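For reference, run29.cif (mmCIF, C-alpha atoms):
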```
data_work
#
loop_
_atom_site.group_PDB
_atom_site.id
_atom_site.type_symbol
_atom_site.label_atom_id
_atom_site.label_comp_id
_atom_site.auth_asym_id
_atom_site.auth_seq_id
_atom_site.Cartn_x
_atom_site.Cartn_y
_atom_site.Cartn_z
ATOM 1 C CA MET A 163 -50.320 -150.447 -54.125
ATOM 2 C CA ALA A 164 -51.439 -153.961 -53.338
ATOM 3 C CA LEU A 165 -54.846 -154.608 -51.781
ATOM 4 C CA ALA A 166 -53.265 -155.382 -48.414
ATOM 5 C CA ASP A 167 -51.412 -152.066 -48.488
ATOM 6 C CA HIS A 168 -54.650 -150.218 -49.297
ATOM 7 C CA LEU A 169 -56.426 -151.923 -46.398
ATOM 8 C CA ARG A 170 -53.520 -151.158 -44.082
ATOM 9 C CA GLU A 171 -53.565 -147.492 -45.055
ATOM 10 C CA LEU A 172 -57.350 -147.357 -44.639
ATOM 11 C CA ARG A 173 -57.030 -148.871 -41.165
ATOM 12 C CA ASN A 174 -54.362 -146.373 -40.122
ATOM 13 C CA ARG A 175 -56.311 -143.374 -41.368
ATOM 14 C CA MET A 176 -59.497 -144.646 -39.705
ATOM 15 C CA LEU A 177 -57.669 -145.077 -36.400
ATOM 16 C CA ILE A 178 -56.280 -141.534 -36.610
ATOM 17 C CA SER A 179 -59.724 -140.152 -37.473
ATOM 18 C CA ILE A 180 -61.416 -142.056 -34.627
ATOM 19 C CA ALA A 181 -58.747 -140.865 -32.195
ATOM 20 C CA ALA A 182 -59.303 -137.268 -33.317
ATOM 21 C CA ILE A 183 -63.069 -137.656 -32.838
ATOM 22 C CA VAL A 184 -62.571 -139.115 -29.351
ATOM 23 C CA VAL A 185 -60.303 -136.216 -28.395
ATOM 24 C CA GLY A 186 -62.900 -133.792 -29.750
ATOM 25 C CA ILE A 187 -65.631 -135.491 -27.704
ATOM 26 C CA VAL A 188 -63.539 -135.242 -24.533
ATOM 27 C CA VAL A 189 -62.819 -131.560 -25.177
ATOM 28 C CA ALA A 190 -66.499 -130.861 -25.869
ATOM 29 C CA TYR A 191 -67.487 -132.742 -22.703
ATOM 30 C CA ILE A 192 -65.052 -130.690 -20.603
ATOM 31 C CA LEU A 193 -66.172 -127.434 -22.228
ATOM 32 C CA TRP A 194 -69.839 -128.259 -21.714
ATOM 33 C CA GLU A 195 -70.790 -125.043 -19.931
ATOM 34 C CA PRO A 196 -69.628 -122.559 -22.620
ATOM 35 C CA ILE A 197 -71.110 -124.785 -25.337
ATOM 36 C CA TYR A 198 -74.386 -124.981 -23.433
ATOM 37 C CA ASP A 199 -74.466 -121.209 -22.903
ATOM 38 C CA PHE A 200 -73.810 -120.691 -26.607
ATOM 39 C CA LEU A 201 -76.642 -123.032 -27.648
ATOM 40 C CA ARG A 202 -78.994 -121.601 -25.032
ATOM 41 C CA ALA A 203 -78.407 -117.976 -26.069
ATOM 42 C CA PRO A 204 -81.230 -117.832 -28.682
ATOM 43 C CA TYR A 205 -83.696 -119.106 -26.086
ATOM 44 C CA CYS A 206 -82.510 -116.530 -23.542
ATOM 45 C CA ASP A 207 -83.077 -113.751 -26.088
ATOM 46 C CA ILE A 208 -86.806 -114.384 -26.094
ATOM 47 C CA SER A 209 -87.597 -116.080 -22.787
ATOM 48 C CA HIS A 210 -86.630 -115.175 -19.218
ATOM 49 C CA ASP A 211 -88.323 -114.902 -15.849
ATOM 50 C CA ALA A 212 -88.870 -111.880 -13.636
ATOM 51 C CA LYS A 213 -85.302 -112.105 -12.329
ATOM 52 C CA GLY A 214 -83.893 -112.095 -15.848
ATOM 53 C CA ASP A 215 -82.909 -115.771 -15.747
ATOM 54 C CA CYS A 216 -83.645 -118.175 -18.578
ATOM 55 C CA ASN A 217 -83.910 -121.753 -17.409
ATOM 56 C CA LEU A 218 -84.361 -125.001 -19.279
ATOM 57 C CA TYR A 219 -85.785 -127.890 -17.291
ATOM 58 C CA ALA A 220 -84.641 -131.481 -16.904
ATOM 59 C CA LEU A 221 -87.785 -133.614 -16.734
ATOM 60 C CA GLY A 222 -86.041 -136.940 -16.160
ATOM 61 C CA ILE A 223 -83.223 -138.256 -13.987
ATOM 62 C CA PHE A 224 -80.906 -139.009 -16.908
ATOM 63 C CA ASP A 225 -81.884 -136.102 -19.178
ATOM 64 C CA GLN A 226 -78.919 -133.905 -18.253
ATOM 65 C CA PHE A 227 -76.379 -136.688 -18.725
ATOM 66 C CA GLN A 228 -77.896 -137.860 -22.031
ATOM 67 C CA ILE A 229 -78.059 -134.401 -23.555
ATOM 68 C CA ARG A 230 -74.507 -133.642 -22.423
ATOM 69 C CA LEU A 231 -73.270 -136.801 -24.114
ATOM 70 C CA ARG A 232 -75.232 -136.030 -27.272
ATOM 71 C CA VAL A 233 -73.892 -132.502 -27.548
ATOM 72 C CA SER A 234 -70.372 -133.757 -26.769
ATOM 73 C CA PHE A 235 -70.544 -136.292 -29.597
ATOM 74 C CA LEU A 236 -71.783 -133.643 -32.010
ATOM 75 C CA GLY A 237 -69.192 -131.127 -30.845
ATOM 76 C CA GLY A 238 -66.428 -133.725 -31.073
ATOM 77 C CA ALA A 239 -67.361 -134.598 -34.644
ATOM 78 C CA LEU A 240 -67.365 -130.918 -35.608
ATOM 79 C CA LEU A 241 -64.127 -130.070 -33.800
ATOM 80 C CA SER A 242 -62.293 -133.000 -35.381
ATOM 81 C CA SER A 243 -63.823 -132.533 -38.850
ATOM 82 C CA PRO A 244 -60.645 -131.024 -40.388
ATOM 83 C CA VAL A 245 -58.699 -134.125 -39.326
ATOM 84 C CA TRP A 246 -61.025 -136.846 -40.585
ATOM 85 C CA ILE A 247 -61.926 -134.948 -43.764
ATOM 86 C CA PHE A 248 -58.194 -134.524 -44.461
ATOM 87 C CA HIS A 249 -57.564 -138.247 -44.045
ATOM 88 C CA ILE A 250 -60.526 -139.166 -46.227
ATOM 89 C CA GLY A 251 -59.074 -136.924 -48.928
ATOM 90 C CA ARG A 252 -55.559 -138.329 -48.478
ATOM 91 C CA PHE A 253 -56.896 -141.858 -48.870
ATOM 92 C CA LEU A 254 -58.855 -141.056 -52.046
ATOM 93 C CA THR A 255 -56.555 -138.642 -53.881
ATOM 94 C CA PRO A 256 -53.760 -141.137 -54.805
ATOM 95 C CA ALA A 257 -56.247 -142.853 -57.127
ATOM 96 C CA MET A 258 -57.022 -139.573 -58.926
ATOM 97 C CA HIS A 259 -55.327 -137.644 -61.693
ATOM 98 C CA ARG A 260 -53.752 -134.281 -60.927
ATOM 99 C CA ASN A 261 -56.761 -132.235 -62.086
ATOM 100 C CA GLU A 262 -59.135 -134.577 -60.239
ATOM 101 C CA ARG A 263 -57.168 -134.010 -57.024
ATOM 102 C CA ARG A 264 -57.517 -130.265 -57.479
ATOM 103 C CA TYR A 265 -61.274 -130.593 -57.911
ATOM 104 C CA ALA A 266 -61.541 -132.935 -54.916
ATOM 105 C CA LEU A 267 -59.741 -130.480 -52.635
ATOM 106 C CA ALA A 268 -61.915 -127.648 -53.940
ATOM 107 C CA PHE A 269 -65.089 -129.669 -53.306
ATOM 108 C CA MET A 270 -64.056 -130.590 -49.753
ATOM 109 C CA SER A 271 -63.103 -127.009 -48.906
ATOM 110 C CA THR A 272 -66.308 -125.630 -50.391
ATOM 111 C CA GLY A 273 -68.337 -128.261 -48.565
ATOM 112 C CA LEU A 274 -66.877 -127.179 -45.229
ATOM 113 C CA VAL A 275 -67.583 -123.512 -45.989
ATOM 114 C CA LEU A 276 -71.169 -124.239 -47.070
ATOM 115 C CA PHE A 277 -71.807 -126.459 -44.043
ATOM 116 C CA SER A 278 -70.493 -123.744 -41.714
ATOM 117 C CA ALA A 279 -72.633 -121.133 -43.478
ATOM 118 C CA GLY A 280 -75.739 -123.298 -43.094
ATOM 119 C CA VAL A 281 -75.089 -123.960 -39.411
ATOM 120 C CA THR A 282 -74.482 -120.249 -38.770
ATOM 121 C CA LEU A 283 -77.658 -119.238 -40.587
ATOM 122 C CA ALA A 284 -79.667 -121.807 -38.616
ATOM 123 C CA TYR A 285 -78.267 -120.517 -35.323
ATOM 124 C CA LEU A 286 -79.188 -116.946 -36.240
ATOM 125 C CA THR A 287 -82.780 -117.928 -37.052
ATOM 126 C CA VAL A 288 -83.450 -120.152 -34.019
ATOM 127 C CA ALA A 289 -84.671 -117.263 -31.861
ATOM 128 C CA ARG A 290 -87.209 -116.109 -34.432
ATOM 129 C CA GLY A 291 -88.660 -119.586 -34.898
ATOM 130 C CA LEU A 292 -88.845 -120.165 -31.145
ATOM 131 C CA GLU A 293 -90.541 -116.825 -30.595
ATOM 132 C CA ILE A 294 -93.355 -117.827 -32.914
ATOM 133 C CA PHE A 295 -94.012 -121.151 -31.200
ATOM 134 C CA LEU A 296 -93.457 -120.096 -27.595
ATOM 135 C CA THR A 297 -95.795 -117.103 -27.822
ATOM 136 C CA ILE A 298 -98.491 -118.411 -30.137
ATOM 137 C CA GLY A 299 -100.659 -119.471 -27.176
ATOM 138 C CA GLY A 300 -100.851 -115.944 -25.760
ATOM 139 C CA ASP A 301 -99.759 -114.402 -22.463
ATOM 140 C CA ASN A 302 -101.774 -116.852 -20.370
ATOM 141 C CA VAL A 303 -99.735 -119.854 -21.519
ATOM 142 C CA VAL A 304 -96.304 -120.288 -19.911
ATOM 143 C CA PRO A 305 -94.073 -122.736 -21.826
ATOM 144 C CA LEU A 306 -92.054 -125.219 -19.790
ATOM 145 C CA VAL A 307 -89.216 -126.132 -22.149
ATOM 146 C CA SER A 308 -87.046 -129.117 -21.313
ATOM 147 C CA VAL A 309 -83.317 -128.999 -21.937
ATOM 148 C CA GLN A 310 -83.516 -132.204 -23.957
ATOM 149 C CA SER A 311 -86.238 -131.020 -26.319
ATOM 150 C CA TYR A 312 -84.626 -127.608 -26.809
ATOM 151 C CA LEU A 313 -81.082 -128.802 -27.511
ATOM 152 C CA SER A 314 -82.405 -131.582 -29.747
ATOM 153 C CA PHE A 315 -84.357 -128.963 -31.681
ATOM 154 C CA VAL A 316 -81.338 -126.654 -32.049
ATOM 155 C CA THR A 317 -78.875 -129.364 -33.110
ATOM 156 C CA VAL A 318 -81.304 -130.944 -35.587
ATOM 157 C CA LEU A 319 -82.032 -127.526 -37.099
ATOM 158 C CA MET A 320 -78.336 -126.680 -37.504
ATOM 159 C CA LEU A 321 -77.534 -130.076 -39.024
ATOM 160 C CA ALA A 322 -80.485 -129.767 -41.397
ATOM 161 C CA PHE A 323 -79.265 -126.388 -42.629
ATOM 162 C CA GLY A 324 -75.676 -127.601 -42.878
ATOM 163 C CA PHE A 325 -76.537 -130.643 -44.995
ATOM 164 C CA ALA A 326 -79.076 -128.733 -47.102
ATOM 165 C CA PHE A 327 -76.383 -126.245 -48.066
ATOM 166 C CA GLN A 328 -74.404 -129.092 -49.693
ATOM 167 C CA PHE A 329 -76.924 -128.946 -52.540
ATOM 168 C CA PRO A 330 -74.706 -126.706 -54.766
ATOM 169 C CA LEU A 331 -71.935 -129.310 -54.654
ATOM 170 C CA VAL A 332 -74.300 -131.897 -56.120
ATOM 171 C CA VAL A 333 -75.351 -129.499 -58.884
ATOM 172 C CA MET A 334 -71.752 -128.584 -59.775
ATOM 173 C CA PHE A 335 -70.692 -132.238 -59.751
ATOM 174 C CA LEU A 336 -73.487 -133.151 -62.184
ATOM 175 C CA ASN A 337 -72.510 -130.268 -64.430
ATOM 176 C CA MET A 338 -68.826 -131.206 -64.421
ATOM 177 C CA THR A 339 -69.623 -134.811 -65.320
ATOM 178 C CA GLY A 340 -71.830 -133.666 -68.199
ATOM 179 C CA ALA A 341 -75.057 -134.993 -66.683
ATOM 180 C CA LEU A 342 -76.529 -131.516 -66.217
ATOM 181 C CA SER A 343 -75.882 -128.743 -68.727
ATOM 182 C CA VAL A 344 -76.436 -125.036 -68.209
ATOM 183 C CA THR A 345 -79.291 -125.079 -70.716
ATOM 184 C CA ARG A 346 -81.069 -127.795 -68.774
ATOM 185 C CA MET A 347 -80.380 -126.019 -65.483
ATOM 186 C CA ARG A 348 -82.060 -122.885 -66.810
ATOM 187 C CA SER A 349 -85.050 -124.698 -68.249
ATOM 188 C CA SER A 350 -85.568 -126.649 -65.007
ATOM 189 C CA ARG A 351 -85.652 -123.603 -62.729
ATOM 190 C CA ARG A 352 -89.313 -123.908 -61.750
ATOM 191 C CA GLY A 353 -89.073 -127.605 -60.988
ATOM 192 C CA VAL A 354 -85.867 -127.153 -59.016
ATOM 193 C CA TYR A 355 -87.337 -124.290 -56.999
ATOM 194 C CA PHE A 356 -90.393 -126.376 -56.200
ATOM 195 C CA GLY A 357 -88.163 -129.263 -55.146
ATOM 196 C CA LEU A 358 -86.049 -126.986 -52.943
ATOM 197 C CA PHE A 359 -89.111 -125.612 -51.185
ATOM 198 C CA ALA A 360 -90.436 -129.149 -50.707
ATOM 199 C CA LEU A 361 -87.040 -130.290 -49.373
ATOM 200 C CA SER A 362 -86.971 -127.363 -46.958
ATOM 201 C CA ALA A 363 -90.433 -128.270 -45.698
ATOM 202 C CA ILE A 364 -89.193 -131.800 -44.995
ATOM 203 C CA LEU A 365 -85.861 -130.893 -43.394
ATOM 204 C CA VAL A 366 -86.991 -128.006 -41.183
ATOM 205 C CA PRO A 367 -88.145 -129.497 -37.859
ATOM 206 C CA THR A 368 -90.596 -126.623 -37.334
ATOM 207 C CA THR A 369 -93.609 -125.592 -39.380
ATOM 208 C CA ASP A 370 -93.180 -121.830 -39.122
ATOM 209 C CA PRO A 371 -92.929 -120.019 -42.461
ATOM 210 C CA PHE A 372 -89.972 -117.899 -41.371
ATOM 211 C CA THR A 373 -87.500 -120.775 -40.845
ATOM 212 C CA PHE A 374 -88.871 -122.533 -43.913
ATOM 213 C CA LEU A 375 -88.170 -119.499 -46.134
ATOM 214 C CA VAL A 376 -84.760 -118.881 -44.552
ATOM 215 C CA MET A 377 -83.661 -122.322 -45.762
ATOM 216 C CA ALA A 378 -85.403 -122.349 -49.145
ATOM 217 C CA LEU A 379 -84.534 -118.876 -50.447
ATOM 218 C CA PRO A 380 -80.732 -119.118 -49.933
ATOM 219 C CA MET A 381 -80.776 -122.521 -51.637
ATOM 220 C CA CYS A 382 -82.529 -120.976 -54.640
ATOM 221 C CA LEU A 383 -79.907 -118.228 -54.677
ATOM 222 C CA LEU A 384 -77.127 -120.834 -54.503
ATOM 223 C CA TYR A 385 -78.718 -122.605 -57.474
ATOM 224 C CA GLU A 386 -78.458 -119.384 -59.481
ATOM 225 C CA VAL A 387 -74.800 -119.107 -58.456
ATOM 226 C CA CYS A 388 -74.303 -122.665 -59.722
ATOM 227 C CA ILE A 389 -75.775 -121.668 -63.096
ATOM 228 C CA VAL A 390 -73.353 -118.745 -63.388
ATOM 229 C CA LEU A 391 -70.329 -120.847 -62.375
ATOM 230 C CA SER A 392 -71.347 -123.673 -64.704
ATOM 231 C CA ARG A 393 -71.740 -121.257 -67.602
ATOM 232 C CA ILE A 394 -68.227 -119.878 -66.969
ATOM 233 C CA ARG A 395 -66.820 -123.392 -66.728
ATOM 234 C CA GLU A 396 -68.513 -124.543 -69.949
ATOM 235 C CA ARG A 397 -67.307 -121.484 -71.864
ATOM 236 C CA ARG A 398 -63.767 -122.075 -70.654
ATOM 237 C CA ALA A 399 -63.969 -125.761 -71.604
ATOM 238 C CA LYS A 400 -65.268 -124.897 -75.096
ATOM 239 C CA LYS A 401 -62.494 -122.355 -75.570
ATOM 240 C CA GLU A 402 -59.846 -124.877 -74.544
ATOM 241 C CA THR A 403 -61.383 -127.494 -76.833
ATOM 242 C CA SER A 404 -61.463 -125.121 -79.803
ATOM 243 C CA GLU A 405 -57.846 -124.097 -79.194
ATOM 244 C CA LEU A 406 -56.812 -127.741 -78.985
ATOM 245 C CA ASP A 407 -58.682 -128.562 -82.215
ATOM 246 C CA ALA A 408 -57.020 -125.640 -83.981
ATOM 247 C CA LEU A 409 -53.599 -126.779 -82.762
ATOM 248 C CA GLU A 410 -54.241 -130.339 -83.934
ATOM 249 C CA ALA A 411 -55.438 -129.080 -87.319
ATOM 250 C CA ARG A 412 -52.331 -126.920 -87.729
ATOM 251 C CA MET A 413 -50.060 -129.801 -86.747
ATOM 252 C CA ALA A 414 -51.882 -132.109 -89.151
ATOM 253 C CA ALA A 415 -51.466 -129.567 -91.952
ATOM 254 C CA GLU A 416 -47.752 -129.166 -91.232
ATOM 255 C CA LEU A 417 -47.278 -132.937 -91.140
ATOM 256 C CA GLY A 418 -49.153 -133.198 -94.428
ATOM 257 C CA LEU A 419 -46.811 -130.667 -96.045
ATOM 258 C CA VAL A 420 -43.805 -132.575 -94.719
ATOM 259 C CA ASP A 421 -45.102 -135.832 -96.179
ATOM 260 C CA VAL A 422 -45.736 -134.220 -99.561
ATOM 261 C CA SER A 423 -42.245 -132.663 -99.589
ATOM 262 C CA ALA A 424 -40.701 -135.995 -98.651
ATOM 263 C CA GLY A 425 -42.582 -137.686 -101.479
ATOM 264 C CA LEU A 426 -41.352 -135.157 -104.010
#
```

Rewritten as structure tokens:
Amino acid sequence: MALADHLRELRNRMLISIAAIVVGIVVAYILWEPIYDFLRAPYCDISHDAKGDCNLYALGIFDQFQIRLRVSFLGGALLSSPVWIFHIGRFLTPAMHRNERRYALAFMSTGLVLFSAGVTLAYLTVARGLEIFLTIGGDNVVPLVSVQSYLSFVTVLMLAFGFAFQFPLVVMFLNMTGALSVTRMRSSRRGVYFGLFALSAILVPTTDPFTFLVMALPMCLLYEVCIVLSRIRERRAKKETSELDALEARMAAELGLVDVSAGL
């Protein structure tokens, strides 16, 4: 394709992706109440008044509108993610070979699964982290939590977990390109574990040890899974290479016999 055709295709796919995101934002804005109840559920599990109600407070005039817009944008991006990820893949795959397309689709699918797993794990651990911070002052301290600070905390935590769980894709990509072998992955375990714990300390918006460990330990486990998968991939690649070398040697020997017979 000519450069103009590439730019035209990029424009069309961007317009479709933006339209999908806008539709997702509108849907998330309309469905604000169930989304809000879903995000508020961890807070309600640990905090409620004498009547059994759990209330978050708007401290400013525009707080409710701003947080609703923010959550709608985030929800719209998530709801439309299959559309814009599909169009990103469709724009990139024509420039790839057949096996590269297969790997690209596998990476995108795995990335979505890992992101969803990270977001789910973060949501399940929100209540425990909040319980530590909202009760650390004792029974005589009553926390007054604003809706803006709470929803910002929850969304940042879920995004942090979701992006942190993309770490295995980076490891597998480096292994497939030959930049990181299984032997080096094994020998670098301690350094990698230290880096993962340090990364978790940076990404987690809280300082409680529970949430910190919930992010770091699964990432260490995913690193071990990467070692196993990389070892299987390398063994398969070596086997295919050895079979190809044997086939080439046999063909070379047969061609050599043909040449000798022709000479005689």

Inset, instruction - For the structure provided, state which residues fall under the PyMOL selection byres ((chain A and resi 313) around 10), and present them as a PyMOL selection string. - result: chain A and resi 198+201-202+218+229-230+232-233+308-312+314-319

Residue selection dump (C-alpha atoms) as a PDB file, keeping the file's coordinate frame:
```
ATOM      1  CA  TYR A 198     -74.386-124.981 -23.433  1.00  0.00           C
ATOM      2  CA  LEU A 201     -76.642-123.032 -27.648  1.00  0.00           C
ATOM      3  CA  ARG A 202     -78.994-121.601 -25.032  1.00  0.00           C
ATOM      4  CA  LEU A 218     -84.361-125.001 -19.279  1.00  0.00           C
ATOM      5  CA  ILE A 229     -78.059-134.401 -23.555  1.00  0.00           C
ATOM      6  CA  ARG A 230     -74.507-133.642 -22.423  1.00  0.00           C
ATOM      7  CA  ARG A 232     -75.232-136.030 -27.272  1.00  0.00           C
ATOM      8  CA  VAL A 233     -73.892-132.502 -27.548  1.00  0.00           C
ATOM      9  CA  SER A 308     -87.046-129.117 -21.313  1.00  0.00           C
ATOM     10  CA  VAL A 309     -83.317-128.999 -21.937  1.00  0.00           C
ATOM     11  CA  GLN A 310     -83.516-132.204 -23.957  1.00  0.00           C
ATOM     12  CA  SER A 311     -86.238-131.020 -26.319  1.00  0.00           C
ATOM     13  CA  TYR A 312     -84.626-127.608 -26.809  1.00  0.00           C
ATOM     14  CA  SER A 314     -82.405-131.582 -29.747  1.00  0.00           C
ATOM     15  CA  PHE A 315     -84.357-128.963 -31.681  1.00  0.00           C
ATOM     16  CA  VAL A 316     -81.338-126.654 -32.049  1.00  0.00           C
ATOM     17  CA  THR A 317     -78.875-129.364 -33.110  1.00  0.00           C
ATOM     18  CA  VAL A 318     -81.304-130.944 -35.587  1.00  0.00           C
ATOM     19  CA  LEU A 319     -82.032-127.526 -37.099  1.00  0.00           C
TER      20      LEU A 319
END
```

Inset, instruction - Could you give me, as a list of chain:residue names, the residues within 9 Å of Val354 (chain A), counting only C-alpha atoms and dropping anything in the same chain fewer than 5 positions from it? - result: A:Met347, A:Phe359, A:Cys382, A:Tyr385

Based on the selection just made, write C-alpha atoms of those residues as a PDB file, in the coordinates of the input.
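Result saved to out14.pdb:
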```pdb
ATOM      1  CA  MET A 347     -80.380-126.019 -65.483  1.00  0.00           C
ATOM      2  CA  PHE A 359     -89.111-125.612 -51.185  1.00  0.00           C
ATOM      3  CA  CYS A 382     -82.529-120.976 -54.640  1.00  0.00           C
ATOM      4  CA  TYR A 385     -78.718-122.605 -57.474  1.00  0.00           C
TER       5      TYR A 385
END
```

Inset, instruction - Select, from A:Leu379, A:Ala190, A:Met270, A:Leu321, the residue with the minimum atom-to-atom distance to Tyr285 (chain A), counting all atoms listed in the file. - result: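 Closest to Tyr285 (chain A) of all the choices is A:Leu321.
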
Inset, instruction - For Phe323 (chain A), please output as a PyMOL selection string all residues within 7 Å (counting all atoms listed in the file; exclusion window: fewer than 3 positions along the same chain). - result: chain A and resi 280-281+284+319-320+326-327+377

Legend entry - Residues in the PyMOL selection byres ((chain A and resi 358) around 12), expressed as a ChimeraX atom specification: /A:326-327,329-330,351-357,359-366,374-385

I want to know what sits within 12 Å of Asn174 (chain A), based on only C-alpha atoms, with residues of the same chain fewer than 6 positions away left out; could you give that as a PDB file with C-alpha atoms, in the coordinates of the input?
```
ATOM      1  CA  ASP A 167     -51.412-152.066 -48.488  1.00  0.00           C
ATOM      2  CA  HIS A 168     -54.650-150.218 -49.297  1.00  0.00           C
ATOM      3  CA  ILE A 180     -61.416-142.056 -34.627  1.00  0.00           C
ATOM      4  CA  ALA A 181     -58.747-140.865 -32.195  1.00  0.00           C
ATOM      5  CA  TRP A 246     -61.025-136.846 -40.585  1.00  0.00           C
ATOM      6  CA  HIS A 249     -57.564-138.247 -44.045  1.00  0.00           C
ATOM      7  CA  ILE A 250     -60.526-139.166 -46.227  1.00  0.00           C
ATOM      8  CA  ARG A 252     -55.559-138.329 -48.478  1.00  0.00           C
ATOM      9  CA  PHE A 253     -56.896-141.858 -48.870  1.00  0.00           C
TER      10      PHE A 253
END
```
